[in-house]
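This is structure-v3.cif. It holds mmCIF, C-alpha atoms.
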data_run
#
loop_
_atom_site.group_PDB
_atom_site.id
_atom_site.type_symbol
_atom_site.label_atom_id
_atom_site.label_comp_id
_atom_site.auth_asym_id
_atom_site.auth_seq_id
_atom_site.Cartn_x
_atom_site.Cartn_y
_atom_site.Cartn_z
ATOM 1 C CA MET A 1 29.238 -33.932 34.575
ATOM 2 C CA THR A 2 25.455 -34.189 34.096
ATOM 3 C CA GLY A 3 25.029 -30.572 35.161
ATOM 4 C CA ARG A 4 27.617 -29.427 32.633
ATOM 5 C CA ILE A 5 25.875 -31.323 29.832
ATOM 6 C CA PHE A 6 22.548 -29.827 30.882
ATOM 7 C CA LEU A 7 24.000 -26.303 30.835
ATOM 8 C CA THR A 8 25.551 -26.880 27.406
ATOM 9 C CA VAL A 9 22.279 -28.171 25.957
ATOM 10 C CA ALA A 10 20.334 -25.305 27.539
ATOM 11 C CA HIS A 11 22.840 -22.829 26.147
ATOM 12 C CA ARG A 12 22.552 -24.260 22.627
ATOM 13 C CA LEU A 13 18.752 -24.274 22.827
ATOM 14 C CA ALA A 14 18.735 -20.667 23.999
ATOM 15 C CA ILE A 15 20.907 -19.699 21.023
ATOM 16 C CA LEU A 16 18.624 -21.569 18.605
ATOM 17 C CA VAL A 17 15.534 -19.898 20.075
ATOM 18 C CA TYR A 18 17.166 -16.487 19.754
ATOM 19 C CA ILE A 19 18.208 -17.163 16.141
ATOM 20 C CA ALA A 20 14.685 -18.356 15.291
ATOM 21 C CA PHE A 21 13.195 -15.279 16.944
ATOM 22 C CA ALA A 22 15.568 -12.967 15.058
ATOM 23 C CA LEU A 23 15.082 -14.627 11.662
ATOM 24 C CA PHE A 24 11.324 -15.180 11.849
ATOM 25 C CA PRO A 25 10.434 -11.684 10.507
ATOM 26 C CA LEU A 26 12.679 -12.334 7.496
ATOM 27 C CA PHE A 27 11.049 -15.716 6.954
ATOM 28 C CA TRP A 28 7.603 -14.109 7.123
ATOM 29 C CA LEU A 29 8.739 -11.444 4.673
ATOM 30 C CA LEU A 30 9.733 -14.168 2.211
ATOM 31 C CA LYS A 31 6.556 -16.137 2.857
ATOM 32 C CA VAL A 32 4.235 -13.200 2.136
ATOM 33 C CA SER A 33 6.251 -12.261 -0.963
ATOM 34 C CA VAL A 34 5.468 -15.619 -2.628
ATOM 35 C CA THR A 35 1.843 -15.853 -1.464
ATOM 36 C CA PRO A 36 -0.772 -15.142 -4.189
ATOM 37 C CA ASN A 37 -3.174 -12.317 -3.422
ATOM 38 C CA ASP A 38 -6.168 -14.641 -3.399
ATOM 39 C CA LEU A 39 -4.577 -16.739 -0.626
ATOM 40 C CA LEU A 40 -3.107 -13.923 1.433
ATOM 41 C CA TYR A 41 -6.226 -13.509 3.577
ATOM 42 C CA SER A 42 -8.294 -16.607 2.768
ATOM 43 C CA GLU A 43 -5.812 -19.138 4.207
ATOM 44 C CA GLY A 44 -5.303 -17.374 7.512
ATOM 45 C CA VAL A 45 -2.054 -17.818 9.396
ATOM 46 C CA ARG A 46 0.117 -20.544 7.856
ATOM 47 C CA LEU A 47 3.849 -21.127 7.897
ATOM 48 C CA TRP A 48 3.849 -21.555 4.113
ATOM 49 C CA PRO A 49 1.151 -20.954 1.482
ATOM 50 C CA SER A 50 -0.484 -23.912 -0.232
ATOM 51 C CA ARG A 51 0.481 -22.352 -3.559
ATOM 52 C CA ALA A 52 3.532 -20.146 -4.169
ATOM 53 C CA THR A 53 4.067 -17.645 -6.956
ATOM 54 C CA PHE A 54 6.737 -15.245 -8.170
ATOM 55 C CA ASP A 55 4.252 -12.866 -9.750
ATOM 56 C CA HIS A 56 4.939 -10.241 -7.108
ATOM 57 C CA TYR A 57 8.651 -10.254 -7.920
ATOM 58 C CA ARG A 58 7.903 -10.110 -11.636
ATOM 59 C CA PHE A 59 5.623 -7.113 -11.180
ATOM 60 C CA VAL A 60 8.089 -5.280 -8.941
ATOM 61 C CA ILE A 61 10.970 -5.746 -11.399
ATOM 62 C CA GLU A 62 9.103 -5.213 -14.674
ATOM 63 C CA ASN A 63 6.123 -2.956 -13.901
ATOM 64 C CA SER A 64 7.171 -0.713 -11.030
ATOM 65 C CA ALA A 65 9.762 1.973 -10.395
ATOM 66 C CA PHE A 66 11.595 -0.268 -7.919
ATOM 67 C CA PRO A 67 14.685 -0.715 -10.161
ATOM 68 C CA THR A 68 15.125 3.069 -10.059
ATOM 69 C CA PHE A 69 14.685 3.110 -6.276
ATOM 70 C CA PHE A 70 17.163 0.247 -5.987
ATOM 71 C CA LYS A 71 19.779 2.004 -8.129
ATOM 72 C CA ASN A 72 19.383 5.239 -6.160
ATOM 73 C CA SER A 73 19.834 3.435 -2.845
ATOM 74 C CA VAL A 74 23.002 1.708 -4.074
ATOM 75 C CA ILE A 75 24.434 5.053 -5.211
ATOM 76 C CA VAL A 76 23.509 6.892 -2.007
ATOM 77 C CA ALA A 77 24.546 4.158 0.438
ATOM 78 C CA GLY A 78 27.768 3.336 -1.400
ATOM 79 C CA SER A 79 28.804 6.985 -1.794
ATOM 80 C CA THR A 80 27.968 7.766 1.826
ATOM 81 C CA ALA A 81 29.869 4.751 3.152
ATOM 82 C CA PHE A 82 32.940 5.639 1.077
ATOM 83 C CA ALA A 83 32.899 9.350 1.981
ATOM 84 C CA VAL A 84 32.286 8.746 5.686
ATOM 85 C CA THR A 85 34.981 6.077 5.925
ATOM 86 C CA VAL A 86 37.594 8.326 4.288
ATOM 87 C CA LEU A 87 36.702 11.371 6.396
ATOM 88 C CA SER A 88 36.374 9.436 9.656
ATOM 89 C CA SER A 89 39.681 7.629 9.057
ATOM 90 C CA LEU A 90 41.532 10.917 8.647
ATOM 91 C CA SER A 91 39.753 12.692 11.501
ATOM 92 C CA GLY A 92 39.963 9.658 13.792
ATOM 93 C CA TYR A 93 43.694 9.422 13.148
ATOM 94 C CA ALA A 94 44.129 13.124 13.910
ATOM 95 C CA LEU A 95 42.212 12.851 17.192
ATOM 96 C CA SER A 96 44.169 9.752 18.163
ATOM 97 C CA ARG A 97 47.685 10.926 17.332
ATOM 98 C CA PHE A 98 47.795 14.712 17.696
ATOM 99 C CA GLN A 99 47.324 17.188 20.504
ATOM 100 C CA PHE A 100 46.106 20.597 19.357
ATOM 101 C CA ARG A 101 44.235 23.580 20.737
ATOM 102 C CA GLY A 102 40.481 23.078 20.845
ATOM 103 C CA LYS A 103 40.674 19.289 20.418
ATOM 104 C CA TYR A 104 38.339 18.505 23.298
ATOM 105 C CA TRP A 105 35.940 21.255 22.239
ATOM 106 C CA ILE A 106 35.738 19.630 18.813
ATOM 107 C CA ILE A 107 35.049 16.250 20.413
ATOM 108 C CA ALA A 108 32.355 17.799 22.627
ATOM 109 C CA LEU A 109 30.771 19.520 19.625
ATOM 110 C CA MET A 110 30.703 16.235 17.701
ATOM 111 C CA LEU A 111 29.024 14.555 20.669
ATOM 112 C CA ILE A 112 26.436 17.326 20.892
ATOM 113 C CA THR A 113 25.463 16.808 17.250
ATOM 114 C CA GLN A 114 24.402 13.258 18.160
ATOM 115 C CA MET A 115 22.002 14.463 20.870
ATOM 116 C CA PHE A 116 19.392 16.181 18.716
ATOM 117 C CA PRO A 117 16.352 14.254 17.417
ATOM 118 C CA LEU A 118 16.598 13.990 13.643
ATOM 119 C CA VAL A 119 13.010 15.097 13.102
ATOM 120 C CA MET A 120 13.878 18.436 14.714
ATOM 121 C CA LEU A 121 16.571 19.065 12.099
ATOM 122 C CA VAL A 122 14.573 18.303 8.961
ATOM 123 C CA ALA A 123 13.212 21.838 8.477
ATOM 124 C CA PRO A 124 16.562 23.656 8.985
ATOM 125 C CA ILE A 125 18.354 21.242 6.671
ATOM 126 C CA PHE A 126 15.668 21.599 4.029
ATOM 127 C CA LYS A 127 15.980 25.399 4.247
ATOM 128 C CA MET A 128 19.766 25.159 3.886
ATOM 129 C CA LEU A 129 19.712 22.797 0.912
ATOM 130 C CA SER A 130 16.818 24.367 -0.973
ATOM 131 C CA PRO A 131 18.680 27.483 -2.250
ATOM 132 C CA LEU A 132 21.505 25.209 -3.420
ATOM 133 C CA GLY A 133 19.165 23.028 -5.467
ATOM 134 C CA LEU A 134 19.955 19.929 -3.415
ATOM 135 C CA THR A 135 16.505 19.146 -2.012
ATOM 136 C CA ASN A 136 15.502 16.686 -4.716
ATOM 137 C CA SER A 137 18.828 15.087 -5.587
ATOM 138 C CA LEU A 138 20.935 12.141 -4.536
ATOM 139 C CA THR A 139 23.844 14.498 -3.915
ATOM 140 C CA GLY A 140 21.870 16.277 -1.207
ATOM 141 C CA LEU A 141 21.073 12.982 0.498
ATOM 142 C CA VAL A 142 24.713 11.910 0.411
ATOM 143 C CA ILE A 143 25.774 15.231 1.964
ATOM 144 C CA VAL A 144 23.188 14.945 4.757
ATOM 145 C CA TYR A 145 23.953 11.284 5.485
ATOM 146 C CA THR A 146 27.679 11.980 5.493
ATOM 147 C CA ALA A 147 27.291 14.894 7.903
ATOM 148 C CA PHE A 148 25.265 12.827 10.354
ATOM 149 C CA ASN A 149 27.432 9.708 10.221
ATOM 150 C CA VAL A 150 30.909 11.241 10.335
ATOM 151 C CA PRO A 151 30.908 12.069 14.100
ATOM 152 C CA PHE A 152 30.066 8.544 15.261
ATOM 153 C CA ALA A 153 32.326 6.966 12.646
ATOM 154 C CA THR A 154 35.160 9.253 13.744
ATOM 155 C CA PHE A 155 34.886 8.057 17.342
ATOM 156 C CA LEU A 156 34.736 4.487 16.071
ATOM 157 C CA MET A 157 37.875 4.881 13.983
ATOM 158 C CA GLN A 158 39.649 6.783 16.767
ATOM 159 C CA SER A 159 39.194 3.790 19.072
ATOM 160 C CA PHE A 160 40.889 1.535 16.510
ATOM 161 C CA PHE A 161 43.781 3.934 16.015
ATOM 162 C CA ASP A 162 44.188 4.207 19.799
ATOM 163 C CA GLY A 163 44.682 0.447 19.903
ATOM 164 C CA ILE A 164 47.672 0.597 17.541
ATOM 165 C CA PRO A 165 51.006 1.443 19.212
ATOM 166 C CA LYS A 166 52.514 4.745 18.103
ATOM 167 C CA ASP A 167 55.913 3.047 18.066
ATOM 168 C CA LEU A 168 55.103 1.373 14.733
ATOM 169 C CA GLU A 169 54.755 4.579 12.746
ATOM 170 C CA GLU A 170 57.521 6.292 14.696
ATOM 171 C CA ALA A 171 59.864 3.470 13.704
ATOM 172 C CA ALA A 172 58.803 3.873 10.074
ATOM 173 C CA MET A 173 59.431 7.623 10.190
ATOM 174 C CA ILE A 174 62.869 7.035 11.710
ATOM 175 C CA ASP A 175 63.608 4.814 8.695
ATOM 176 C CA GLY A 176 62.749 7.728 6.391
ATOM 177 C CA ALA A 177 59.019 7.340 5.736
ATOM 178 C CA SER A 178 56.801 10.388 5.908
ATOM 179 C CA ARG A 179 53.876 10.424 8.302
ATOM 180 C CA PHE A 180 51.447 9.982 5.418
ATOM 181 C CA THR A 181 53.443 7.021 4.088
ATOM 182 C CA ALA A 182 53.504 5.448 7.542
ATOM 183 C CA PHE A 183 49.770 6.041 7.852
ATOM 184 C CA ARG A 184 49.029 4.553 4.433
ATOM 185 C CA GLN A 185 51.388 1.575 4.471
ATOM 186 C CA ILE A 186 51.420 0.579 8.138
ATOM 187 C CA ILE A 187 48.482 1.992 10.083
ATOM 188 C CA LEU A 188 45.686 1.597 7.529
ATOM 189 C CA PRO A 189 46.333 -2.136 6.875
ATOM 190 C CA LEU A 190 46.179 -2.734 10.637
ATOM 191 C CA THR A 191 42.837 -0.932 10.864
ATOM 192 C CA LEU A 192 41.102 -2.910 8.093
ATOM 193 C CA PRO A 193 38.765 -4.523 10.669
ATOM 194 C CA GLY A 194 37.819 -1.060 11.905
ATOM 195 C CA ILE A 195 37.303 0.197 8.369
ATOM 196 C CA ALA A 196 35.080 -2.801 7.637
ATOM 197 C CA ALA A 197 33.031 -2.174 10.775
ATOM 198 C CA THR A 198 32.651 1.494 9.860
ATOM 199 C CA LEU A 199 31.704 0.667 6.284
ATOM 200 C CA GLY A 200 29.101 -1.836 7.471
ATOM 201 C CA PHE A 201 27.576 0.540 9.993
ATOM 202 C CA VAL A 202 27.388 3.519 7.625
ATOM 203 C CA PHE A 203 26.175 1.508 4.635
ATOM 204 C CA THR A 204 23.356 -0.017 6.703
ATOM 205 C CA ALA A 205 22.381 3.346 8.165
ATOM 206 C CA ALA A 206 22.253 5.037 4.752
ATOM 207 C CA TRP A 207 20.580 2.061 3.065
ATOM 208 C CA SER A 208 17.628 1.967 5.463
ATOM 209 C CA GLU A 209 17.215 5.686 6.295
ATOM 210 C CA LEU A 210 13.698 6.957 5.664
ATOM 211 C CA LEU A 211 13.116 10.320 7.356
ATOM 212 C CA PHE A 212 15.436 12.548 5.318
ATOM 213 C CA ALA A 213 14.853 10.549 2.136
ATOM 214 C CA LEU A 214 11.119 11.150 2.545
ATOM 215 C CA MET A 215 11.385 14.835 3.403
ATOM 216 C CA LEU A 216 14.100 15.896 0.964
ATOM 217 C CA ILE A 217 13.033 13.884 -2.080
ATOM 218 C CA SER A 218 9.788 14.725 -3.879
ATOM 219 C CA GLY A 219 9.916 12.624 -7.053
ATOM 220 C CA ASN A 220 10.291 8.947 -7.890
ATOM 221 C CA GLN A 221 13.365 9.569 -10.039
ATOM 222 C CA SER A 222 15.485 10.396 -6.993
ATOM 223 C CA ALA A 223 13.687 8.314 -4.354
ATOM 224 C CA THR A 224 15.482 5.557 -2.483
ATOM 225 C CA PHE A 225 13.955 2.181 -1.770
ATOM 226 C CA PRO A 226 12.612 2.954 1.771
ATOM 227 C CA VAL A 227 10.569 5.757 0.195
ATOM 228 C CA GLY A 228 9.772 3.562 -2.796
ATOM 229 C CA LEU A 229 8.159 0.958 -0.550
ATOM 230 C CA LEU A 230 5.509 3.535 0.305
ATOM 231 C CA THR A 231 4.353 3.520 -3.327
ATOM 232 C CA PHE A 232 2.820 0.102 -2.664
ATOM 233 C CA VAL A 233 0.514 1.725 -0.105
ATOM 234 C CA SER A 234 -2.561 3.295 -1.678
ATOM 235 C CA LYS A 235 -5.299 5.326 -0.055
ATOM 236 C CA PHE A 236 -7.579 2.359 0.563
ATOM 237 C CA SER A 237 -5.330 -0.694 0.431
ATOM 238 C CA VAL A 238 -1.821 -2.069 0.816
ATOM 239 C CA ASP A 239 -0.342 -4.526 -1.680
ATOM 240 C CA PHE A 240 1.548 -6.617 0.847
ATOM 241 C CA GLY A 241 2.754 -9.167 -1.689
ATOM 242 C CA GLN A 242 4.501 -6.605 -3.873
ATOM 243 C CA MET A 243 5.792 -4.676 -0.876
ATOM 244 C CA MET A 244 7.288 -7.808 0.682
ATOM 245 C CA ALA A 245 8.818 -8.836 -2.663
ATOM 246 C CA ALA A 246 10.445 -5.414 -2.944
ATOM 247 C CA GLY A 247 11.683 -5.789 0.632
ATOM 248 C CA VAL A 248 13.286 -9.147 -0.121
ATOM 249 C CA LEU A 249 15.002 -7.726 -3.205
ATOM 250 C CA ALA A 250 16.237 -4.777 -1.146
ATOM 251 C CA LEU A 251 17.960 -7.184 1.255
ATOM 252 C CA VAL A 252 20.160 -8.633 -1.492
ATOM 253 C CA PRO A 253 22.811 -5.867 -1.798
ATOM 254 C CA ALA A 254 23.057 -5.441 1.970
ATOM 255 C CA CYS A 255 23.632 -9.195 2.405
ATOM 256 C CA LEU A 256 26.204 -9.263 -0.413
ATOM 257 C CA PHE A 257 27.978 -6.261 1.085
ATOM 258 C CA PHE A 258 28.302 -7.928 4.480
ATOM 259 C CA LEU A 259 29.462 -11.173 2.860
ATOM 260 C CA LEU A 260 32.282 -9.224 1.218
ATOM 261 C CA ILE A 261 33.453 -7.596 4.453
ATOM 262 C CA GLN A 262 32.666 -10.401 6.908
ATOM 263 C CA ARG A 263 36.333 -11.429 6.972
ATOM 264 C CA TYR A 264 37.159 -8.189 8.774
ATOM 265 C CA LEU A 265 33.813 -7.331 10.319
ATOM 266 C CA VAL A 266 33.932 -9.697 13.302
ATOM 267 C CA GLN A 267 37.469 -8.578 14.129
ATOM 268 C CA GLY A 268 36.363 -4.954 13.907
ATOM 269 C CA LEU A 269 33.340 -5.378 16.120
ATOM 270 C CA THR A 270 35.337 -7.164 18.821
ATOM 271 C CA ALA A 271 38.527 -5.128 18.617
ATOM 272 C CA GLY A 272 37.349 -2.758 21.307
ATOM 273 C CA ALA A 273 36.702 -5.505 23.827
ATOM 274 C CA VAL A 274 38.608 -5.429 27.106
ATOM 275 C CA LYS A 275 41.195 -8.185 27.342
ATOM 276 C CA GLY A 276 41.825 -9.752 30.727
#
Structure encoded using structure tokens:
Amino acid sequence: MTGRIFLTVAHRLAILVYIAFALFPLFWLLKVSVTPNDLLYSEGVRLWPSRATFDHYRFVIENSAFPTFFKNSVIVAGSTAFAVTVLSSLSGYALSRFQFRGKYWIIALMLITQMFPLVMLVAPIFKMLSPLGLTNSLTGLVIVYTAFNVPFATFLMQSFFDGIPKDLEEAAMIDGASRFTAFRQIILPLTLPGIAATLGFVFTAAWSELLFALMLISGNQSATFPVGLLTFVSKFSVDFGQMMAAGVLALVPACLFFLLIQRYLVQGLTAGAVKG
């Protein structure tokens, strides 16, 4: 009995330590964002400044281009998540339900696309998009993000479709429903956890992506927030207070997005677990 209590307490403490370790960078981000510039270095390392201020937030919102960066990121991440989820749902369903010539070659090709380092593909993609006028536009970013996220999202959605018995849609088609109707009215509602997991993964990936956003965008009007954070870095100094305030503000839509889908997200992330 005593050993069981000890193990339970140790388990809870281990979880608390892990949570504290995981959340400490976010706490420090918030702490620096409310620390006045004159105290940022003079007070040394403290858990909380002796005097807090919201001047950094006020400057970021009113006197910087961060609202534009924020809007661009919402457009790019939201459009990418929607496009990838639609495409991966259709392609994942096709790979799960149909047998056709070249199926395994297509799967192998999709896997190969995930093997290349992204930095190696920047120059070819830039050369492809430049003649089309997509190198300094949000549309170009959405196209690139969609292309890179569809393969993984397709495999993710395929695993969810594989977990749904084919008998359900076959029974619906026997009753007179078309395959598309069976897919829309029966299969899709059952894969809402998978759709939520895919949406969360793709939205996060597009929201925080820096490499392509930095290389394909050359002006502030089309820059996303990861690129916009670099504007707080000058040649001789870094305004950490403003940068951290912008970082905190950038966390808001991602947190709200996950709050909206959390009902299905946990089910989606655990749906592929092996049941004994």
Looking at A:Leu249, A:Leu87, A:Leu211, A:Ile61, which one is nearest to Ala147 of chain A, with distances taken over all atoms listed in the file?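 When distances to Ala147 of chain A are compared using all atoms listed in the file, the smallest one comes from A:Leu87.
Neighbours of segment 46-49 of chain A closer than or equal to 9 Å, with only C-alpha atoms counted and sequence neighbours fewer than 4 positions away skipped, come out as Trp28, Lys31, Val32, Val34, Thr35, Pro36, Leu39 and Leu40 of chain A.
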Nearest residue to Ala250 of chain A out of A:Phe70, A:Phe59, A:Phe232, A:Phe54, using only C-alpha atoms?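 Comparing A:Phe70, A:Phe59, A:Phe232, A:Phe54 against Ala250 of chain A, the winner is A:Phe70.
Near (43.4, 9.6, 8.8), the residues inside the 9 Å limit, counting all atoms listed in the file, come to Val86, Leu87, Ser88, Ser89, Leu90, Ser91, Gly92, Tyr93, Ala94, Met157, Phe180, Phe183, Arg184 and Leu188 of chain A.
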Can you pull out the residues contacting segment 214-225 of chain A? Cut-off 6 Å, using all atoms listed in the file, and skip same-chain residues under 6 positions away; I want them as a list in words. Phe69, Phe70, Asn72, Ser73, Thr135, Asn136 and Ser137 of chain A
Considering only C-alpha atoms, return as a ChimeraX atom specification whatever protein or nucleic-acid residues lie within 12 Å of Pro124 of chain A, sequence-local ones (same chain, fewer than 3 positions apart) excluded. /A:118-121,127-130,135,144,212,215-216
So what do you get for atom CA of Leu210 of chain A versus atom CA of Pro226 of chain A, distance-wise?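 Computing it gives 5.7 Å between the two atoms.
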Considering only C-alpha atoms, return as a PDB file with C-alpha atoms, in the frame of the given file whatever protein or nucleic-acid residues lie within 8 Å of Phe66 of chain A, sequence-local ones (same chain, fewer than 6 positions apart) excluded.
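Result written to part17.pdb:
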ATOM      1  CA  VAL A  60       8.089  -5.280  -8.941  1.00  0.00           C
ATOM      2  CA  PHE A 225      13.955   2.181  -1.770  1.00  0.00           C
ATOM      3  CA  GLY A 228       9.772   3.562  -2.796  1.00  0.00           C
ATOM      4  CA  ALA A 246      10.445  -5.414  -2.944  1.00  0.00           C
TER       5      ALA A 246
END
Might you pull out every residue within 10 Å of segment 196-206 of chain A, with all atoms listed in the file counted and same-chain residues fewer than 6 positions away left off, and present them as a ChimeraX atom specification? /A:73-74,76-86,88-89,141-142,144-146,148-150,152-154,156-157,213,224,254,257-258,260-270
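The residue that comes closest to Ile164 of chain A, out of A:Arg12, A:Lys235, A:Arg97, A:Lys103 and on the basis of all atoms listed in the file, is A:Arg97.
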Mind pulling up the distance from atom CA of Val17 of chain A to atom CA of Thr2 of chain A?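 Separating atom CA of Thr2 of chain A from atom CA of Val17 of chain A is a distance of 22.3 Å.
Atom CA of Met244 of chain A sits 15.0 Å away from atom CA of Ser208 of chain A.
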So that all listed atoms of segment 95-109 of chain A fit with 8 Å spare on each side, what axis-aligned box centre and edge lengths in Å, to one decimal, would you give as AutoDock Vina command-line options?
--center_x 39.3 --center_y 16.7 --center_z 20.2 --size_x 33.0 --size_y 29.8 --size_z 22.1
For Val227 of chain A, which residue out of A:Ala245, A:Ala65, A:Leu168, A:Leu251 is the nearest one, using only C-alpha atoms? A:Ala65
Find the residue from A:Arg4, A:Lys166, A:His56, A:Arg179 that sits nearest to Met243 of chain A; use all atoms listed in the file when measuring.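 Distance minimum relative to Met243 of chain A lands on A:His56.
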How would segment 54-73 of chain A look with N, CA and C atoms restored, written as a compact mmCIF listing (two decimals), in the coordinates of the input?
# COMPACT_ATOMS: atom_id res chain seq x y z
N PHE A 54 5.74 -16.31 -8.05
CA PHE A 54 6.74 -15.24 -8.17
C PHE A 54 6.19 -14.05 -8.93
N ASP A 55 4.87 -13.97 -9.03
CA ASP A 55 4.25 -12.87 -9.75
C ASP A 55 4.55 -11.52 -9.11
N HIS A 56 4.64 -11.50 -7.78
CA HIS A 56 4.94 -10.24 -7.11
C HIS A 56 6.33 -9.74 -7.48
N TYR A 57 7.30 -10.64 -7.53
CA TYR A 57 8.65 -10.25 -7.92
C TYR A 57 8.67 -9.78 -9.37
N ARG A 58 7.95 -10.48 -10.23
CA ARG A 58 7.90 -10.11 -11.64
C ARG A 58 7.30 -8.72 -11.82
N PHE A 59 6.25 -8.43 -11.07
CA PHE A 59 5.62 -7.11 -11.18
C PHE A 59 6.55 -6.03 -10.66
N VAL A 60 7.20 -6.28 -9.53
CA VAL A 60 8.09 -5.28 -8.94
C VAL A 60 9.24 -4.95 -9.88
N ILE A 61 9.82 -5.96 -10.52
CA ILE A 61 10.97 -5.75 -11.40
C ILE A 61 10.57 -5.14 -12.74
N GLU A 62 9.45 -5.60 -13.31
CA GLU A 62 9.10 -5.21 -14.67
C GLU A 62 8.10 -4.08 -14.76
N ASN A 63 7.23 -3.92 -13.77
CA ASN A 63 6.12 -2.96 -13.90
C ASN A 63 6.09 -1.87 -12.83
N SER A 64 7.14 -1.77 -12.05
CA SER A 64 7.17 -0.71 -11.03
C SER A 64 8.46 0.08 -11.16
N ALA A 65 8.56 1.13 -10.37
CA ALA A 65 9.76 1.97 -10.40
C ALA A 65 10.82 1.47 -9.42
N PHE A 66 10.65 0.24 -8.91
CA PHE A 66 11.60 -0.27 -7.92
C PHE A 66 13.03 -0.34 -8.44
N PRO A 67 13.29 -0.73 -9.69
CA PRO A 67 14.68 -0.72 -10.16
C PRO A 67 15.35 0.65 -10.02
N THR A 68 14.58 1.72 -10.25
CA THR A 68 15.12 3.07 -10.06
C THR A 68 15.41 3.33 -8.59
N PHE A 69 14.47 2.95 -7.72
CA PHE A 69 14.68 3.11 -6.28
C PHE A 69 15.92 2.33 -5.83
N PHE A 70 16.05 1.13 -6.33
CA PHE A 70 17.16 0.25 -5.99
C PHE A 70 18.49 0.88 -6.40
N LYS A 71 18.55 1.37 -7.63
CA LYS A 71 19.78 2.00 -8.13
C LYS A 71 20.14 3.23 -7.29
N ASN A 72 19.13 4.04 -6.97
CA ASN A 72 19.38 5.24 -6.16
C ASN A 72 19.92 4.88 -4.78
N SER A 73 19.37 3.84 -4.17
CA SER A 73 19.83 3.44 -2.84
C SER A 73 21.28 2.94 -2.89
